[in-house]
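Asks: Handing over data19.cif, mmCIF, C-alpha atoms and all ligand atoms.
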```cif
data_query
loop_
_atom_site.label_atom_id
_atom_site.label_comp_id
_atom_site.auth_asym_id
_atom_site.auth_seq_id
_atom_site.Cartn_x
_atom_site.Cartn_y
_atom_site.Cartn_z
CA MET A 275 70.67 104.55 -9.24
CA ALA A 276 72.37 105.21 -12.58
CA PRO A 277 72.98 108.97 -13.03
CA ASN A 278 70.75 110.81 -15.56
CA GLU A 279 68.83 107.68 -16.50
CA PRO A 280 65.02 107.95 -16.36
CA VAL A 281 63.20 106.10 -13.60
CA ALA A 282 59.54 105.10 -13.39
CA PRO A 283 57.28 107.38 -11.29
CA PRO A 284 56.86 106.47 -7.61
CA ALA A 285 54.10 104.09 -6.53
CA PRO A 286 50.67 105.73 -6.86
CA ASP A 287 49.14 107.09 -3.68
CA GLY A 288 45.48 106.02 -3.72
CA VAL A 289 43.26 105.91 -6.80
CA ASP A 290 44.13 108.53 -9.41
CA VAL A 291 41.09 108.97 -11.65
CA GLU A 292 42.69 111.90 -13.50
CA LYS A 293 45.43 109.84 -15.11
CA PRO A 294 44.98 106.49 -16.86
CA SER A 295 46.80 103.61 -15.15
CA ALA A 296 48.48 100.64 -16.82
CA ALA A 297 46.60 98.16 -14.63
CA ARG A 298 43.19 99.57 -15.51
CA ILE A 299 43.95 100.14 -19.23
CA TYR A 300 45.17 96.53 -19.50
CA ASP A 301 41.99 95.38 -17.77
CA TRP A 302 39.97 97.29 -20.39
CA PHE A 303 42.06 95.79 -23.24
CA LEU A 304 41.20 92.34 -21.88
CA GLY A 305 37.48 93.14 -21.70
CA GLY A 306 37.37 93.64 -17.90
CA THR A 307 35.24 96.17 -16.02
CA HIS A 308 37.65 97.39 -13.30
CA ASN A 309 38.52 100.63 -15.08
CA TYR A 310 37.40 104.27 -15.20
CA ALA A 311 36.28 106.60 -17.99
CA VAL A 312 39.77 108.09 -18.17
CA ASP A 313 41.24 104.61 -18.84
CA ARG A 314 38.59 103.70 -21.42
CA GLU A 315 39.00 106.98 -23.30
CA PHE A 316 42.75 106.49 -23.38
CA GLY A 317 42.37 102.85 -24.45
CA LYS A 318 39.96 103.75 -27.25
CA ARG A 319 42.37 106.35 -28.64
CA LEU A 320 45.17 103.77 -28.67
CA VAL A 321 43.03 101.10 -30.32
CA ALA A 322 41.99 103.60 -33.02
CA GLY A 323 45.63 104.22 -33.96
CA PHE A 324 47.07 100.78 -33.27
CA PRO A 325 44.33 98.11 -33.21
CA LEU A 326 46.84 95.34 -32.51
CA ILE A 327 47.20 96.54 -28.94
CA ARG A 328 44.25 94.48 -27.72
CA PRO A 329 45.40 91.21 -29.34
CA ILE A 330 48.89 91.91 -27.93
CA ALA A 331 47.42 92.15 -24.42
CA ARG A 332 45.38 88.94 -24.94
CA SER A 333 48.41 87.12 -26.28
CA ASN A 334 50.43 88.14 -23.22
CA ARG A 335 47.70 86.93 -20.87
CA ALA A 336 47.50 83.62 -22.75
CA TRP A 337 51.28 83.25 -22.42
CA LEU A 338 51.03 83.75 -18.66
CA GLY A 339 48.53 80.89 -18.59
CA ARG A 340 50.84 78.57 -20.53
CA VAL A 341 53.79 79.44 -18.28
CA VAL A 342 51.81 78.68 -15.13
CA ARG A 343 50.36 75.41 -16.47
CA ASP A 344 53.84 74.34 -17.55
CA ALA A 345 55.24 75.17 -14.10
CA VAL A 346 52.50 73.26 -12.28
CA GLY A 347 53.16 70.31 -14.60
CA ALA A 348 56.87 70.55 -13.74
CA GLY A 349 56.04 70.31 -10.03
CA PHE A 350 56.03 73.97 -8.95
CA ARG A 351 53.72 74.64 -6.02
CA GLN A 352 54.70 78.23 -5.09
CA PHE A 353 54.08 81.29 -7.27
CA LEU A 354 55.16 84.89 -6.68
CA ASP A 355 53.46 87.13 -9.25
CA LEU A 356 55.00 90.65 -9.34
CA GLY A 357 52.90 93.27 -11.16
CA SER A 358 49.93 90.90 -11.11
CA GLY A 359 47.39 93.47 -12.34
CA VAL A 360 43.66 93.81 -11.80
CA PRO A 361 42.13 90.36 -11.33
CA THR A 362 40.65 89.28 -14.65
CA VAL A 363 40.16 86.19 -16.75
CA GLY A 364 42.79 83.54 -16.02
CA ASN A 365 44.33 84.67 -12.75
CA VAL A 366 47.36 82.70 -11.65
CA HIS A 367 45.69 81.04 -8.64
CA GLU A 368 42.75 79.96 -10.82
CA ILE A 369 45.08 78.37 -13.36
CA VAL A 370 47.02 76.68 -10.55
CA ARG A 371 43.80 75.39 -8.95
CA ASP A 372 42.53 74.05 -12.28
CA THR A 373 45.85 72.41 -13.19
CA LEU A 374 46.94 70.90 -9.84
CA PRO A 375 46.68 67.13 -9.55
CA ALA A 376 43.85 66.12 -7.20
CA GLY A 377 44.79 66.29 -3.53
CA GLU A 378 47.82 68.54 -4.04
CA GLU A 379 48.24 72.04 -2.63
CA ALA A 380 49.95 75.21 -3.76
CA THR A 381 50.37 78.85 -2.73
CA VAL A 382 50.24 82.09 -4.71
CA VAL A 383 51.27 85.63 -3.71
CA TYR A 384 50.23 88.53 -5.90
CA VAL A 385 52.06 91.88 -5.77
CA ASP A 386 50.89 95.10 -7.40
CA TYR A 387 51.05 98.72 -6.27
CA GLU A 388 47.85 99.87 -7.97
CA GLU A 389 44.93 100.68 -5.67
CA VAL A 390 42.20 99.26 -7.94
CA ALA A 391 44.18 96.06 -8.51
CA ALA A 392 44.64 95.68 -4.76
CA ALA A 393 41.01 96.39 -3.85
CA HIS A 394 39.56 93.97 -6.40
CA ALA A 395 42.13 91.27 -5.70
CA ARG A 396 41.33 91.34 -1.99
CA ILE A 397 37.56 91.18 -2.60
CA MET A 398 37.98 88.32 -5.09
CA LEU A 399 40.19 86.29 -2.76
CA GLU A 400 37.73 86.74 0.12
CA GLU A 401 34.75 85.83 -2.05
CA GLN A 402 36.47 82.76 -3.42
CA GLU A 403 37.51 81.78 0.14
CA VAL A 404 41.10 81.13 -0.95
CA THR A 405 42.94 83.44 1.47
CA ASP A 406 44.48 80.43 3.21
CA TRP A 407 46.60 79.75 0.11
CA VAL A 408 46.49 82.98 -1.95
CA GLY A 409 47.66 86.40 -0.73
CA PHE A 410 47.94 89.92 -2.10
CA VAL A 411 50.67 92.40 -1.20
CA GLN A 412 50.14 96.02 -2.23
CA SER A 413 53.66 97.23 -2.88
CA ASP A 414 55.99 98.69 -5.42
CA LEU A 415 57.99 95.71 -6.64
CA ARG A 416 61.10 97.92 -6.54
CA ASP A 417 60.82 97.78 -2.76
CA VAL A 418 62.22 94.25 -2.60
CA ASP A 419 62.50 94.14 1.18
CA ARG A 420 58.90 95.22 1.60
CA VAL A 421 57.66 92.54 -0.81
CA LEU A 422 59.73 89.78 0.76
CA LYS A 423 58.98 90.79 4.35
CA ALA A 424 55.23 91.25 3.83
CA ARG A 425 53.16 88.99 6.08
CA GLU A 426 51.50 87.23 3.12
CA THR A 427 54.86 86.48 1.50
CA ARG A 428 56.36 85.13 4.71
CA GLU A 429 53.32 83.00 5.49
CA LEU A 430 52.75 81.57 2.03
CA ILE A 431 56.19 81.25 0.44
CA ASP A 432 58.89 78.92 1.75
CA PHE A 433 62.03 80.27 0.13
CA LYS A 434 63.91 77.05 0.88
CA GLN A 435 61.72 75.39 -1.76
CA PRO A 436 61.60 76.31 -5.48
CA VAL A 437 59.37 79.24 -6.42
CA CYS A 438 58.02 80.25 -9.81
CA LEU A 439 58.64 84.02 -9.99
CA LEU A 440 56.45 85.80 -12.54
CA LEU A 441 57.41 89.20 -13.99
CA VAL A 442 54.91 89.19 -16.81
CA SER A 443 54.40 92.38 -18.79
CA VAL A 444 55.73 94.57 -15.99
CA LEU A 445 59.47 95.18 -16.34
CA HIS A 446 58.92 97.60 -19.23
CA PHE A 447 57.31 99.91 -16.65
CA LEU A 448 60.76 100.30 -15.08
CA GLY A 449 63.13 102.86 -16.52
CA PRO A 450 66.83 102.32 -17.16
CA GLY A 451 67.58 104.27 -13.98
CA ASP A 452 65.56 101.70 -11.99
CA GLN A 453 68.26 99.20 -12.99
CA PRO A 454 65.81 96.37 -13.72
CA ALA A 455 68.43 93.60 -14.09
CA GLU A 456 69.92 94.43 -10.68
CA LEU A 457 66.42 94.53 -9.20
CA VAL A 458 65.55 91.11 -10.67
CA ALA A 459 68.85 89.78 -9.31
CA ARG A 460 67.79 90.70 -5.78
CA TYR A 461 64.73 88.45 -6.13
CA GLN A 462 66.76 85.74 -7.84
CA GLN A 463 69.25 85.65 -4.94
CA LYS A 464 66.43 84.94 -2.51
CA LEU A 465 65.13 81.92 -4.48
CA ALA A 466 66.16 78.29 -3.99
CA PRO A 467 67.96 76.33 -6.75
CA GLY A 468 65.43 74.90 -9.21
CA SER A 469 63.28 78.06 -9.02
CA ARG A 470 61.88 79.57 -12.20
CA LEU A 471 61.76 83.14 -13.48
CA ALA A 472 59.28 84.08 -16.24
CA ILE A 473 59.55 87.43 -18.00
CA SER A 474 57.55 88.84 -20.89
CA HIS A 475 58.46 92.31 -22.15
CA VAL A 476 57.27 94.56 -24.96
CA THR A 477 59.51 95.32 -27.90
CA VAL A 478 59.33 96.54 -31.48
CA ASP A 479 62.37 94.54 -32.63
CA GLY A 480 60.59 92.91 -35.54
CA ALA A 481 57.78 95.39 -36.14
CA PRO A 482 56.95 95.86 -39.83
CA SER A 483 58.05 99.32 -40.96
CA GLU A 484 54.47 100.31 -41.88
CA ASP A 485 53.26 99.60 -38.30
CA LEU A 486 56.26 100.98 -36.41
CA PRO A 487 55.17 104.67 -36.30
CA GLU A 488 51.81 103.78 -34.70
CA ALA A 489 53.47 101.37 -32.27
CA LEU A 490 55.87 104.13 -31.21
CA LYS A 491 52.95 106.55 -30.75
CA VAL A 492 51.59 104.14 -28.11
CA VAL A 493 54.86 104.45 -26.19
CA GLU A 494 54.59 108.24 -26.47
CA ALA A 495 50.97 108.21 -25.30
CA TYR A 496 51.80 106.17 -22.18
CA LYS A 497 54.10 109.00 -21.06
CA SER A 498 50.94 110.89 -20.04
CA THR A 499 49.72 108.00 -17.84
CA SER A 500 50.78 106.91 -14.35
CA ASN A 501 52.89 104.22 -16.04
CA PRO A 502 55.21 105.30 -18.86
CA TYR A 503 57.04 102.35 -20.37
CA TRP A 504 60.32 101.58 -22.06
CA LEU A 505 60.85 99.34 -25.08
CA ARG A 506 63.80 96.98 -24.91
CA THR A 507 65.56 94.85 -27.49
CA HIS A 508 65.98 91.06 -27.45
CA GLY A 509 69.50 91.48 -26.05
CA GLU A 510 68.40 93.89 -23.32
CA ILE A 511 65.56 91.59 -22.28
CA ALA A 512 67.85 88.53 -22.27
CA ALA A 513 70.08 90.44 -19.83
CA LEU A 514 67.17 90.71 -17.34
CA PHE A 515 67.50 86.97 -16.60
CA ASN A 516 71.05 87.57 -15.37
CA ASP A 517 72.97 84.27 -15.36
CA TRP A 518 70.06 81.81 -15.13
CA PRO A 519 69.85 79.48 -18.14
CA LEU A 520 66.68 79.73 -20.21
CA ILE A 521 64.56 76.64 -20.59
CA ASP A 522 63.45 75.52 -24.01
CA PRO A 523 62.65 77.30 -26.39
CA GLY A 524 64.58 80.31 -25.01
CA LEU A 525 63.66 83.96 -25.45
CA VAL A 526 61.13 83.93 -28.27
CA ALA A 527 57.98 85.66 -29.46
CA LEU A 528 55.24 84.76 -26.99
CA THR A 529 53.23 82.95 -29.63
CA ASP A 530 56.22 80.64 -30.19
CA TRP A 531 56.57 79.67 -26.52
CA HIS A 532 54.86 76.30 -25.95
CA SER A 533 52.16 77.33 -28.33
CA GLU A 534 49.04 75.23 -28.01
CA ASN A 535 48.72 75.00 -31.80
CA PRO A 536 52.33 75.12 -33.01
CA ARG A 537 51.38 74.00 -36.52
CA TRP A 538 48.47 76.35 -36.88
CA MET A 539 49.02 80.03 -36.18
CA SER A 540 46.11 82.42 -36.52
CA LEU A 541 46.56 85.71 -38.34
CA GLU A 542 46.35 87.37 -34.92
CA ASP A 543 49.21 85.19 -33.61
CA GLU A 544 51.31 86.25 -36.59
CA GLU A 545 50.47 89.93 -36.23
CA VAL A 546 51.31 90.19 -32.54
CA ARG A 547 54.53 88.19 -32.86
CA PRO A 548 56.93 91.20 -33.20
CA TYR A 549 55.73 93.01 -30.08
CA ASN A 550 56.65 90.82 -27.10
CA TRP A 551 59.58 88.63 -26.12
CA GLY A 552 59.16 86.05 -23.38
CA ALA A 553 61.19 83.34 -21.70
CA VAL A 554 61.44 81.21 -18.59
CA ALA A 555 64.74 80.62 -16.82
CA GLU A 556 65.66 78.15 -14.09
CA LYS A 557 68.08 78.66 -11.24
CA PRO A 558 70.81 76.05 -11.53
CA ALA A 559 71.59 73.70 -8.67
CA LYS A 560 74.52 74.86 -6.55
CA ASN A 561 77.89 73.99 -8.00
CA ARG A 562 79.17 71.24 -5.68
CA ARG A 563 82.84 71.90 -6.42
CA SER A 564 82.67 75.62 -5.64
CA LYS A 565 80.71 74.76 -2.48
CA SER A 566 83.53 72.65 -1.08
CA THR A 567 86.32 75.11 -1.95
C1 LIG B 601 50.21 95.17 -18.04
S1 LIG B 601 49.79 94.75 -16.40
C2 LIG B 601 50.29 93.04 -16.35
C3 LIG B 601 49.41 92.18 -15.47
C4 LIG B 601 49.79 90.70 -15.45
N1 LIG B 601 51.15 90.50 -14.98
C5 LIG B 601 49.66 90.07 -16.82
O1 LIG B 601 50.68 90.00 -17.53
O2 LIG B 601 48.57 89.68 -17.23
C6 LIG B 601 51.13 95.52 -15.53
C7 LIG B 601 50.89 95.62 -14.03
O3 LIG B 601 52.12 95.99 -13.40
C8 LIG B 601 51.83 96.89 -12.34
N2 LIG B 601 53.06 97.62 -12.04
C9 LIG B 601 53.77 98.45 -12.85
N3 LIG B 601 54.86 98.92 -12.22
C10 LIG B 601 54.85 98.36 -10.97
C11 LIG B 601 55.72 98.47 -9.83
N4 LIG B 601 56.81 99.23 -9.85
N5 LIG B 601 55.40 97.76 -8.73
C12 LIG B 601 54.28 96.99 -8.68
N6 LIG B 601 53.41 96.85 -9.73
C13 LIG B 601 53.70 97.53 -10.87
C14 LIG B 601 50.70 97.74 -12.86
O4 LIG B 601 49.97 98.34 -11.81
C15 LIG B 601 49.88 96.71 -13.64
O5 LIG B 601 48.90 96.14 -12.83
#
```
Go ahead and express the file in the form of C-alpha cells.
Ligand SMILES: C[S@@+](CC[C@H](N)C(=O)[O-])C[C@H]1O[C@@H](n2cnc3c(N)ncnc32)[C@H](O)[C@@H]1O

Replies:
Amino acid sequence: MAPNEPVAPPAPDGVDVEKPSAARIYDWFLGGTHNYAVDREFGKRLVAGFPLIRPIARSNRAWLGRVVRDAVGAGFRQFLDLGSGVPTVGNVHEIVRDTLPAGEEATVVYVDYEEVAAAHARIMLEEQEVTDWVGFVQSDLRDVDRVLKARETRELIDFKQPVCLLLVSVLHFLGPGDQPAELVARYQQKLAPGSRLAISHVTVDGAPSEDLPEALKVVEAYKSTSNPYWLRTHGEIAALFNDWPLIDPGLVALTDWHSENPRWMSLEDEEVRPYNWGAVAEKPAKNRRSKST
C-alpha cells in the first residue's frame, strides 16, 4: 500500500442503515426500490443541489448495456462483473440472455460486497431459475484471491477462454492508496488473450465552471457515506487499463461510446458528457517471438 495515500473503507459488515451506501443510493437514482430512508434522504439532498446526478447514473447504466451487447456480438460468452450493484433494470445476465443468438450459452458472475446487493441478487437469481449459469459472490473486489477462488467463479468462469471483465462505475470507490491500477492488473493477468476489460469512471475534467462547485459538493457529501469516492482525470483513468490497447473509440465520454443515436444527442446526453469517461480494452494475443525466446 502506498504510504499516506487514502484508502477506501473496509468492506461493510452486514447492513448499515445508519449510513447511506453507494449501492443503495445508485439504486434510488435509477428508480429502484432496494434502498432505505437514509439512502433516499441523502439522494434527495444531492439531487436538489446537482440534478444531473440522476441522468449521470442512467447514462452509466445505459453504457453498461451497450458494452455487454457489443461483447456478446463479438462472441464473448463469459462475464465477470465487479461492483455489480443492487439488481435493477438491465442486469448483465438479462442483457446477455436477450442478446445471445438462439441456442447459445453464456455465464455471468456478479461480485459486490454490499449486503443488500447480495441479498437481492441471490433472490432474483433463484426466482429467475438462472443459478446454473449466473452466480453472485459477496466479496470486496480488492480481495482478488477471494473473488477468483470463490466457488461460483471457479464453476462458471473458464479462465482459459476469453472473459469480459466489467469494472463499471466502481473504481472511483477505491482510493489512491488502494492502488487501483495494480489491483486491475492482478485480474488482467488471470485472463486469457482476447479478453476484454470495460471501465467507466467519474470525472469532472470537462465540467462547465458554473456546475463544478455543485459537482464537487457531491464528492464531499459522499465522504459521509460508506463509500467515499475519488475523481480521476482522463490520464489517470487511461492508466487503469495498464498496457491493454483500447478498442474503438478509445477512452471517451460515455455518450460517445457506441452511441445508439450518434447523430442525435439529447440535451441530457450533452449535459452528462463531462462527468464520466469509459472505455473497453482487449488483451492482446501472446507475442509469438517473445514466447520462443
Ligand atoms: C455505482 S454502483 C455500480 C453498479 C453497476 N456496476 C453499474 O455500473 O450499473 C457501485 C457498486 O460498487 C460496489 N462497490 C464499491 N466498492 C466495492 C468494493 N471494494 N468491492 C466490491 N464492491 C464494491 C458498491 O457496493 C456498489 O454496488

Asks: Pick out the residues no farther than 8 Å from ligand LIG 601 (chain B), counting only C-alpha atoms and all ligand atoms, and list them as a count of residues only.

Replies: 40

Asks: So that I can see what lies close to Asp543 (chain A), please list as a VMD selection string the residues with an atom at most 10 Å from it, counting all atoms listed in the file and leaving out residues fewer than 5 positions away in the same chain.

Replies: chain A and resid 329 to 330 333 527 to 530 533 538 548

Asks: Export, as a short mmCIF file (atom, residue, chain, number, x, y, z; two decimals), in the coordinates of the input, the selected residues with C-alpha atoms.

Replies:
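Written file, selection_0.cif:
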```cif
data_model
loop_
_atom_site.label_atom_id
_atom_site.label_comp_id
_atom_site.auth_asym_id
_atom_site.auth_seq_id
_atom_site.Cartn_x
_atom_site.Cartn_y
_atom_site.Cartn_z
CA PRO A 329 45.40 91.21 -29.34
CA ILE A 330 48.89 91.91 -27.93
CA SER A 333 48.41 87.12 -26.28
CA ALA A 527 57.98 85.66 -29.46
CA LEU A 528 55.24 84.76 -26.99
CA THR A 529 53.23 82.95 -29.63
CA ASP A 530 56.22 80.64 -30.19
CA SER A 533 52.16 77.33 -28.33
CA TRP A 538 48.47 76.35 -36.88
CA PRO A 548 56.93 91.20 -33.20
#
```

Asks: Which residue gives the smallest distance to Ser469 (chain A) among A:Trp337, A:Tyr503, A:Tyr549, A:Phe433, with only C-alpha atoms counted?

Replies: A:Phe433

Asks: Go through A:Pro436, A:Trp504, A:Arg460, A:Lys423 and flag the residue nearest Ala559 (chain A), using only C-alpha atoms for the distances.

Replies: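 The closest residue to Ala559 (chain A) is A:Pro436.
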
Asks: Given the choices A:Arg420, A:Lys434, A:Arg319, A:His308, which gets closest to Ala393 (chain A) if the distance is worked out from only C-alpha atoms?

Replies: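 Between A:Arg420, A:Lys434, A:Arg319, A:His308, the residue approaching Ala393 (chain A) most closely is A:His308.
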
Asks: Pick from A:Thr507, A:His394, A:Val370, A:Ala336: nearest to Thr307 (chain A), with only C-alpha atoms counted?

Replies: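 Result for the nearest residue to Thr307 (chain A): A:His394.
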
Asks: Could the centre and edge lengths of an axis-aligned box, enclosing all atoms of region 533-552 of chain A in the file with 6 Å extra on each side, be given in Å to one decimal as JSON?

Replies:
```
{"center_x": 52.8, "center_y": 83.5, "center_z": -30.9, "size_x": 25.5, "size_y": 31.0, "size_z": 27.0}
```

Asks: Would you mind reading off the distance between CA of Ile521 (chain A) and CA of Lys557 (chain A), one decimal, in Å?

Replies: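 It comes out at 10.2 Å.
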
Asks: Select, from A:Leu505, A:Leu399, A:Leu430, A:Val458, the residue with the minimum atom-to-atom distance to Asp417 (chain A), counting only C-alpha atoms.

Replies: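 Among the listed residues, A:Val458 lies closest to Asp417 (chain A).
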
Asks: Please, could N, CA and C atoms be added to region 387-404 of chain A and the result written as a PDB file, in the coordinates of the input?

Replies:
```pdb
ATOM      1  N   TYR A 387      51.146  97.498  -7.089  1.00  0.00           N
ATOM      2  CA  TYR A 387      51.050  98.720  -6.270  1.00  0.00           C
ATOM      3  C   TYR A 387      49.791  99.511  -6.571  1.00  0.00           C
ATOM      4  N   GLU A 388      48.985  99.074  -7.520  1.00  0.00           N
ATOM      5  CA  GLU A 388      47.850  99.870  -7.970  1.00  0.00           C
ATOM      6  C   GLU A 388      46.640  99.630  -7.052  1.00  0.00           C
ATOM      7  N   GLU A 389      46.016 100.741  -6.650  1.00  0.00           N
ATOM      8  CA  GLU A 389      44.930 100.680  -5.670  1.00  0.00           C
ATOM      9  C   GLU A 389      43.750  99.811  -6.152  1.00  0.00           C
ATOM     10  N   VAL A 390      43.360  99.992  -7.419  1.00  0.00           N
ATOM     11  CA  VAL A 390      42.200  99.260  -7.940  1.00  0.00           C
ATOM     12  C   VAL A 390      42.529  97.762  -8.031  1.00  0.00           C
ATOM     13  N   ALA A 391      43.751  97.460  -8.455  1.00  0.00           N
ATOM     14  CA  ALA A 391      44.180  96.060  -8.510  1.00  0.00           C
ATOM     15  C   ALA A 391      44.119  95.440  -7.112  1.00  0.00           C
ATOM     16  N   ALA A 392      44.606  96.186  -6.129  1.00  0.00           N
ATOM     17  CA  ALA A 392      44.640  95.680  -4.760  1.00  0.00           C
ATOM     18  C   ALA A 392      43.224  95.467  -4.221  1.00  0.00           C
ATOM     19  N   ALA A 393      42.370  96.475  -4.410  1.00  0.00           N
ATOM     20  CA  ALA A 393      41.010  96.390  -3.850  1.00  0.00           C
ATOM     21  C   ALA A 393      40.264  95.200  -4.443  1.00  0.00           C
ATOM     22  N   HIS A 394      40.325  95.055  -5.768  1.00  0.00           N
ATOM     23  CA  HIS A 394      39.560  93.970  -6.400  1.00  0.00           C
ATOM     24  C   HIS A 394      40.177  92.604  -6.117  1.00  0.00           C
ATOM     25  N   ALA A 395      41.489  92.556  -6.016  1.00  0.00           N
ATOM     26  CA  ALA A 395      42.130  91.270  -5.700  1.00  0.00           C
ATOM     27  C   ALA A 395      41.688  90.809  -4.318  1.00  0.00           C
ATOM     28  N   ARG A 396      41.682  91.731  -3.363  1.00  0.00           N
ATOM     29  CA  ARG A 396      41.330  91.340  -1.990  1.00  0.00           C
ATOM     30  C   ARG A 396      39.876  90.855  -1.918  1.00  0.00           C
ATOM     31  N   ILE A 397      38.977  91.593  -2.606  1.00  0.00           N
ATOM     32  CA  ILE A 397      37.560  91.180  -2.600  1.00  0.00           C
ATOM     33  C   ILE A 397      37.422  89.789  -3.237  1.00  0.00           C
ATOM     34  N   MET A 398      38.089  89.599  -4.383  1.00  0.00           N
ATOM     35  CA  MET A 398      37.980  88.320  -5.090  1.00  0.00           C
ATOM     36  C   MET A 398      38.482  87.164  -4.218  1.00  0.00           C
ATOM     37  N   LEU A 399      39.616  87.380  -3.561  1.00  0.00           N
ATOM     38  CA  LEU A 399      40.190  86.290  -2.760  1.00  0.00           C
ATOM     39  C   LEU A 399      39.291  85.935  -1.582  1.00  0.00           C
ATOM     40  N   GLU A 400      38.685  86.979  -0.978  1.00  0.00           N
ATOM     41  CA  GLU A 400      37.730  86.740   0.120  1.00  0.00           C
ATOM     42  C   GLU A 400      36.529  85.959  -0.402  1.00  0.00           C
ATOM     43  N   GLU A 401      35.960  86.459  -1.508  1.00  0.00           N
ATOM     44  CA  GLU A 401      34.750  85.830  -2.050  1.00  0.00           C
ATOM     45  C   GLU A 401      34.994  84.379  -2.441  1.00  0.00           C
ATOM     46  N   GLN A 402      36.171  84.130  -2.989  1.00  0.00           N
ATOM     47  CA  GLN A 402      36.470  82.760  -3.420  1.00  0.00           C
ATOM     48  C   GLN A 402      36.922  81.871  -2.251  1.00  0.00           C
ATOM     49  N   GLU A 403      37.084  82.502  -1.075  1.00  0.00           N
ATOM     50  CA  GLU A 403      37.510  81.780   0.140  1.00  0.00           C
ATOM     51  C   GLU A 403      38.822  81.031  -0.089  1.00  0.00           C
ATOM     52  N   VAL A 404      39.799  81.770  -0.652  1.00  0.00           N
ATOM     53  CA  VAL A 404      41.100  81.130  -0.950  1.00  0.00           C
ATOM     54  C   VAL A 404      42.238  81.795  -0.174  1.00  0.00           C
TER      55      VAL A 404
END
```
